[in-house]
Amino acid sequence: MNSLMDIWQEILHHLSSQLTPTAINTWFSDCEPVALEENCLVIRTPSEFKKSIISQRFSSIIISYLSDLFSCEFDLLILVGDEEYEKDSSGDDDDLPEMAGYTFDNFIVGNSNKFAHAAAISVAENPGKNYNPLFIYGNSGLGKTHLLWAIGHSIRERFPEKKISYIKGDDFTNEMVKSIKEGKTEEFRNKHRNVDLFLVDDIQFIAGKQSTQIEFFHTFNYIYEAGHQIVITSDRPPMEMSLLDDRLRTRFEGGLMADIAPPDLETRMAIARNKASRLGLFLPDDIIEYIASTITANVRQLEGVIKRLTAYKEILNSDITRASVDRAIEDVTKKGTDIPKPDNIIRETAKYYSLKPEDLKGNNRSKNTAMARQIAMYLMRQLTNLSLNDIGKELGRNHTTALSSIRKIEDLMRSDPDMTGVIRDITSNITTSSGSV
Ligand code: ADP
Ligand code: MG
């Protein structure tokens, strides 16, 4: 399966919902994808003229689509003719990828996040001194990763000699397993232990994975005892991570815990205004207020709406109206406010097939389990706003697997009426079971 090609197809599909077939044909028929890097898609078009049209008229919609898909900032690089693509080799282990925009300057402070923000500033000013570890927790889309990066950027700026390592909870597991397979555990340890700042995003993914937790425990102690700073984010507090090793829980709780709650209306308006102005979009106050009072629980969605409006404006070249705002909101929120939690989707899907949620997250490839896993991913795509990346992660998979699973179920639904019934039944179990919101 070629994930670059898949992603490109997805983009063309997305563009075709907004452009005429003639426009697609004119600008994209001879355009090809070249590479998909962590934060950048590289494409190739035959002429400078096409490049300039694509970059002026379509790049923002492509970028906003990719940013949404991967839940992080994305770039589009357009090559012309046989121009060579030089892979950016600056990404050494201790180099932070440029998470442009995730800085303290761009973080809007309100009641819901001011404690976490102040703690993050304090850690950035005095790494390893006051609060170690700093444990930031809160629901998805509320700015945890943003603060984590902001600490990284700020420390890199003021103490360029300090070594910084960033890792996501699930990548820690993957890297560790890989290093064991390749007999490179020593390298793995050196890479993560000999750092001044250890940024760990979404630690919840290591809970329940025994050998990962043991390794993480030793890594943690090593860095901690050296007096170096550790910052961790999680979607819930340590206390609520039922599968977390007790020793780790005690360590996490021994530092400073800071939660982020959904922002209030005033903060949401300030965030919407800030995002719009960064994208060069002017929105009147009543529109800002309308968006901020409709999207209440998730800053990522708020941002998604603004990005879509920017794209509409550029592509349709029209003013922003209530109708276009409604359309953007509907696009971003899908099923409105009643968004089920991924755990709930996994639980109900597993139950339907007489399996346990862990079976879906694990490696069992029996037909039944594989089917349940694919259905769970399909339902997450339908019922939530999670990106493919996040959907994959919920089940310990990557975005490519998520995409192919979703496609597979879509195909089955077209060819097999029973499948439609199964999906309907599970959906109804999800929406009626407790804790769906
Ligand atoms: P989390 O890691 O908690 O799921 P992120 O840090 O990825 O959330 O935030 C989601 C998006 O919302 C990011 O683009 C981030 O820049 C933005 N965001 C969240 N909180 C704020 C804030 N207080 N000010 C500005 N942008 C924010
Ligand atoms: Mg995050």
# chains A, B, ... in the order shown; residues from 1 in each chain; ligands from 1

$ residues_near_ligand --ligand "ligand 2" --cutoff "8 Å" --atoms "only C-alpha atoms and all ligand atoms" --output "PyMOL selection string"
chain A and resi 140-141+143-146+201-202+233

$ residues_near_ligand --ligand "ligand 1" --cutoff "9 Å" --atoms "only C-alpha atoms and all ligand atoms" --output "PyMOL selection string"
chain A and resi 67+71-73+101-110+112-114+117+136-149+201-202+233-235+260+262-263+267-268+270-272+274-275+298-304

$ write_last_selection --atoms "C-alpha atoms" --output "CSV table (one decimal), in the first residue's frame"
chain,number,residue,atom,x,y,z
A,67,SER,CA,-3.2,19.8,8.7
A,71,SER,CA,-3.7,17.1,13.2
A,72,CYS,CA,-0.5,19.2,12.9
A,73,GLU,CA,0.8,22.1,10.9
A,101,GLY,CA,3.3,28.5,15.4
A,102,TYR,CA,3.3,26.4,18.5
A,103,THR,CA,5.0,29.1,20.6
A,104,PHE,CA,4.0,30.9,23.8
A,105,ASP,CA,3.4,34.0,21.7
A,106,ASN,CA,0.6,32.3,19.8
A,107,PHE,CA,-1.0,30.7,22.9
A,108,ILE,CA,-4.1,32.5,24.1
A,109,VAL,CA,-4.4,32.5,27.8
A,110,GLY,CA,-7.8,32.2,29.6
A,112,SER,CA,-9.2,27.3,31.5
A,113,ASN,CA,-5.5,27.1,30.7
A,114,LYS,CA,-3.8,29.8,32.7
A,117,HIS,CA,0.4,28.1,30.8
A,136,ILE,CA,-0.2,18.5,31.5
A,137,TYR,CA,-3.5,16.8,31.0
A,138,GLY,CA,-6.8,17.5,29.4
A,139,ASN,CA,-9.1,16.4,26.5
A,140,SER,CA,-8.0,16.3,23.0
A,141,GLY,CA,-7.6,19.6,21.1
A,142,LEU,CA,-7.2,21.9,24.1
A,143,GLY,CA,-3.5,22.9,23.6
A,144,LYS,CA,-1.4,20.3,25.4
A,145,THR,CA,0.9,19.7,22.4
A,146,HIS,CA,1.0,23.4,21.8
A,147,LEU,CA,2.3,24.1,25.3
A,148,LEU,CA,4.8,21.2,25.1
A,149,TRP,CA,6.3,22.6,21.9
A,201,ASP,CA,3.5,13.7,24.2
A,202,ASP,CA,0.4,11.6,24.9
A,233,THR,CA,1.2,15.4,28.3
A,234,SER,CA,-1.8,13.0,28.6
A,235,ASP,CA,-5.5,13.0,27.8
A,260,ILE,CA,-6.4,22.2,30.7
A,262,PRO,CA,-12.2,23.7,27.5
A,263,PRO,CA,-12.0,27.5,27.1
A,267,THR,CA,-11.2,32.9,25.3
A,268,ARG,CA,-12.7,31.0,22.4
A,270,ALA,CA,-9.9,35.5,21.3
A,271,ILE,CA,-8.5,32.3,19.8
A,272,ALA,CA,-10.7,32.5,16.8
A,274,ASN,CA,-6.0,35.2,16.6
A,275,LYS,CA,-6.2,32.2,14.2
A,298,ASN,CA,-12.3,21.8,21.2
A,299,VAL,CA,-9.8,24.4,20.0
A,300,ARG,CA,-8.7,22.2,17.2
A,301,GLN,CA,-12.2,22.3,15.8
A,302,LEU,CA,-12.4,26.1,16.2
A,303,GLU,CA,-9.2,26.3,14.2
A,304,GLY,CA,-10.6,23.9,11.7

$ select_by_dssp --residues "stretch 46-269 of chain A" --states "strand (DSSP E)" --output "PyMOL selection string"
chain A and resi 75-80+134-137+164-168+197-201+229-234+256-259

$ residues_around --residues "A:Asp319" --least-positions-apart "4" --cutoff "12 Å" --atoms "only C-alpha atoms" --output "PyMOL selection string"
chain A and resi 281-284+287+309-315+323-325

$ residues_around --residues "stretch 17-30 of chain A" --least-positions-apart "2" --cutoff "7 Å" --atoms "only C-alpha atoms" --output "PDB file with all heavy atoms, in the first residue's frame"
ATOM      1  N   HIS A  13      -9.651  13.919  -4.216  1.00  0.00           N
ATOM      2  CA  HIS A  13     -11.060  13.677  -3.923  1.00  0.00           C
ATOM      3  C   HIS A  13     -11.654  14.884  -3.197  1.00  0.00           C
ATOM      4  O   HIS A  13     -12.733  15.371  -3.527  1.00  0.00           O
ATOM      5  CB  HIS A  13     -11.150  12.418  -3.068  1.00  0.00           C
ATOM      6  CG  HIS A  13     -12.548  12.041  -2.710  1.00  0.00           C
ATOM      7  ND1 HIS A  13     -13.424  11.542  -3.629  1.00  0.00           N
ATOM      8  CD2 HIS A  13     -13.220  12.111  -1.538  1.00  0.00           C
ATOM      9  CE1 HIS A  13     -14.577  11.312  -3.041  1.00  0.00           C
ATOM     10  NE2 HIS A  13     -14.491  11.659  -1.768  1.00  0.00           N
ATOM     11  N   HIS A  14     -10.897  15.365  -2.231  1.00  0.00           N
ATOM     12  CA  HIS A  14     -11.348  16.518  -1.461  1.00  0.00           C
ATOM     13  C   HIS A  14     -11.489  17.752  -2.359  1.00  0.00           C
ATOM     14  O   HIS A  14     -12.479  18.482  -2.310  1.00  0.00           O
ATOM     15  CB  HIS A  14     -10.343  16.773  -0.340  1.00  0.00           C
ATOM     16  CG  HIS A  14     -10.676  17.938   0.521  1.00  0.00           C
ATOM     17  ND1 HIS A  14     -11.764  17.949   1.352  1.00  0.00           N
ATOM     18  CD2 HIS A  14     -10.067  19.143   0.681  1.00  0.00           C
ATOM     19  CE1 HIS A  14     -11.814  19.110   1.985  1.00  0.00           C
ATOM     20  NE2 HIS A  14     -10.800  19.848   1.595  1.00  0.00           N
ATOM     21  N   LEU A  15     -10.478  17.960  -3.209  1.00  0.00           N
ATOM     22  CA  LEU A  15     -10.538  19.121  -4.117  1.00  0.00           C
ATOM     23  C   LEU A  15     -11.741  19.001  -5.054  1.00  0.00           C
ATOM     24  O   LEU A  15     -12.391  19.998  -5.376  1.00  0.00           O
ATOM     25  CB  LEU A  15      -9.252  19.212  -4.943  1.00  0.00           C
ATOM     26  CG  LEU A  15      -8.004  19.710  -4.214  1.00  0.00           C
ATOM     27  CD1 LEU A  15      -6.768  19.463  -5.068  1.00  0.00           C
ATOM     28  CD2 LEU A  15      -8.131  21.202  -3.905  1.00  0.00           C
ATOM     29  N   GLU A  32       2.065  15.406  -9.874  1.00  0.00           N
ATOM     30  CA  GLU A  32       2.235  14.120  -9.181  1.00  0.00           C
ATOM     31  C   GLU A  32       2.841  14.302  -7.792  1.00  0.00           C
ATOM     32  O   GLU A  32       3.626  15.226  -7.573  1.00  0.00           O
ATOM     33  CB  GLU A  32       3.127  13.196 -10.012  1.00  0.00           C
ATOM     34  CG  GLU A  32       4.447  13.860 -10.357  1.00  0.00           C
ATOM     35  CD  GLU A  32       5.457  12.928 -10.985  1.00  0.00           C
ATOM     36  OE1 GLU A  32       5.034  11.950 -11.603  1.00  0.00           O
ATOM     37  OE2 GLU A  32       6.665  13.173 -10.838  1.00  0.00           O
ATOM     38  N   THR A  45       4.866  19.633 -10.630  1.00  0.00           N
ATOM     39  CA  THR A  45       4.015  20.056 -11.726  1.00  0.00           C
ATOM     40  C   THR A  45       4.934  20.480 -12.873  1.00  0.00           C
ATOM     41  O   THR A  45       6.081  20.853 -12.638  1.00  0.00           O
ATOM     42  CB  THR A  45       3.072  21.204 -11.255  1.00  0.00           C
ATOM     43  OG1 THR A  45       2.213  21.561 -12.311  1.00  0.00           O
ATOM     44  CG2 THR A  45       3.842  22.418 -10.796  1.00  0.00           C
ATOM     45  N   LYS A  50       1.878  26.698 -13.822  1.00  0.00           N
ATOM     46  CA  LYS A  50       0.985  25.843 -13.019  1.00  0.00           C
ATOM     47  C   LYS A  50       1.353  25.909 -11.549  1.00  0.00           C
ATOM     48  O   LYS A  50       0.492  25.936 -10.671  1.00  0.00           O
ATOM     49  CB  LYS A  50       1.034  24.403 -13.529  1.00  0.00           C
ATOM     50  CG  LYS A  50       0.304  24.249 -14.838  1.00  0.00           C
ATOM     51  CD  LYS A  50       0.015  22.803 -15.167  1.00  0.00           C
ATOM     52  CE  LYS A  50      -0.921  22.746 -16.364  1.00  0.00           C
ATOM     53  NZ  LYS A  50      -1.163  21.420 -16.864  1.00  0.00           N
TER      54      LYS A  50
END

$ residues_around --residues "A:Met269" --least-positions-apart "3" --cutoff "7 Å" --atoms "only C-alpha atoms" --output "MDAnalysis selection string"
chainID A and resid 265:266 272:273 288:289 292

$ write_last_selection --atoms "N, CA and C atoms" --output "mmCIF file, in the first residue's frame"
data_model
loop_
_atom_site.group_PDB
_atom_site.id
_atom_site.type_symbol
_atom_site.label_atom_id
_atom_site.label_comp_id
_atom_site.auth_asym_id
_atom_site.auth_seq_id
_atom_site.Cartn_x
_atom_site.Cartn_y
_atom_site.Cartn_z
ATOM 1 N N LEU A 265 -16.202 31.267 26.604
ATOM 2 C CA LEU A 265 -16.580 31.949 25.363
ATOM 3 C C LEU A 265 -15.586 33.057 24.987
ATOM 4 N N GLU A 266 -15.220 33.849 25.981
ATOM 5 C CA GLU A 266 -14.325 34.970 25.713
ATOM 6 C C GLU A 266 -12.981 34.480 25.145
ATOM 7 N N ALA A 272 -10.226 32.401 18.156
ATOM 8 C CA ALA A 272 -10.724 32.456 16.772
ATOM 9 C C ALA A 272 -10.174 33.698 16.054
ATOM 10 N N ARG A 273 -10.170 34.807 16.758
ATOM 11 C CA ARG A 273 -9.680 36.055 16.167
ATOM 12 C C ARG A 273 -8.196 35.939 15.818
ATOM 13 N N ILE A 288 -17.278 35.969 14.443
ATOM 14 C CA ILE A 288 -16.379 35.388 15.460
ATOM 15 C C ILE A 288 -17.205 34.867 16.627
ATOM 16 N N GLU A 289 -18.138 35.671 17.071
ATOM 17 C CA GLU A 289 -18.930 35.270 18.226
ATOM 18 C C GLU A 289 -19.799 34.055 17.893
ATOM 19 N N ALA A 292 -17.544 31.018 17.882
ATOM 20 C CA ALA A 292 -17.089 30.677 19.237
ATOM 21 C C ALA A 292 -18.226 30.193 20.118
#

$ closest_residue --among "A:Asn221, A:Thr420, A:Lys163, A:Arg278" --to "A:Arg251" --atoms "only C-alpha atoms"
A:Asn221

$ residues_around --residues "A:Glu84" --least-positions-apart "4" --cutoff "10 Å" --atoms "only C-alpha atoms" --output "PyMOL selection string"
chain A and resi 44+79-80

$ write_last_selection --atoms "all heavy atoms" --output "mmCIF file, in the first residue's frame"
data_model
loop_
_atom_site.group_PDB
_atom_site.id
_atom_site.type_symbol
_atom_site.label_atom_id
_atom_site.label_comp_id
_atom_site.auth_asym_id
_atom_site.auth_seq_id
_atom_site.Cartn_x
_atom_site.Cartn_y
_atom_site.Cartn_z
ATOM 1 N N ARG A 44 4.897 17.616 -7.723
ATOM 2 C CA ARG A 44 5.626 18.111 -8.898
ATOM 3 C C ARG A 44 4.636 18.470 -9.992
ATOM 4 O O ARG A 44 3.676 17.749 -10.244
ATOM 5 C CB ARG A 44 6.561 17.004 -9.401
ATOM 6 C CG ARG A 44 7.445 17.424 -10.574
ATOM 7 C CD ARG A 44 8.201 16.237 -11.137
ATOM 8 N NE ARG A 44 9.008 15.535 -10.151
ATOM 9 C CZ ARG A 44 10.166 15.989 -9.662
ATOM 10 N NH1 ARG A 44 10.649 17.135 -10.062
ATOM 11 N NH2 ARG A 44 10.829 15.281 -8.764
ATOM 12 N N LEU A 79 7.448 21.350 -6.715
ATOM 13 C CA LEU A 79 8.621 21.329 -7.588
ATOM 14 C C LEU A 79 8.157 21.531 -9.032
ATOM 15 O O LEU A 79 7.033 21.177 -9.374
ATOM 16 C CB LEU A 79 9.318 19.973 -7.497
ATOM 17 C CG LEU A 79 9.738 19.488 -6.110
ATOM 18 C CD1 LEU A 79 10.301 18.077 -6.208
ATOM 19 C CD2 LEU A 79 10.774 20.432 -5.515
ATOM 20 N N VAL A 80 9.056 22.087 -9.852
ATOM 21 C CA VAL A 80 8.697 22.297 -11.253
ATOM 22 C C VAL A 80 9.589 21.444 -12.142
ATOM 23 O O VAL A 80 10.812 21.389 -11.945
ATOM 24 C CB VAL A 80 8.870 23.775 -11.642
ATOM 25 C CG1 VAL A 80 8.587 23.957 -13.134
ATOM 26 C CG2 VAL A 80 7.931 24.645 -10.841
#
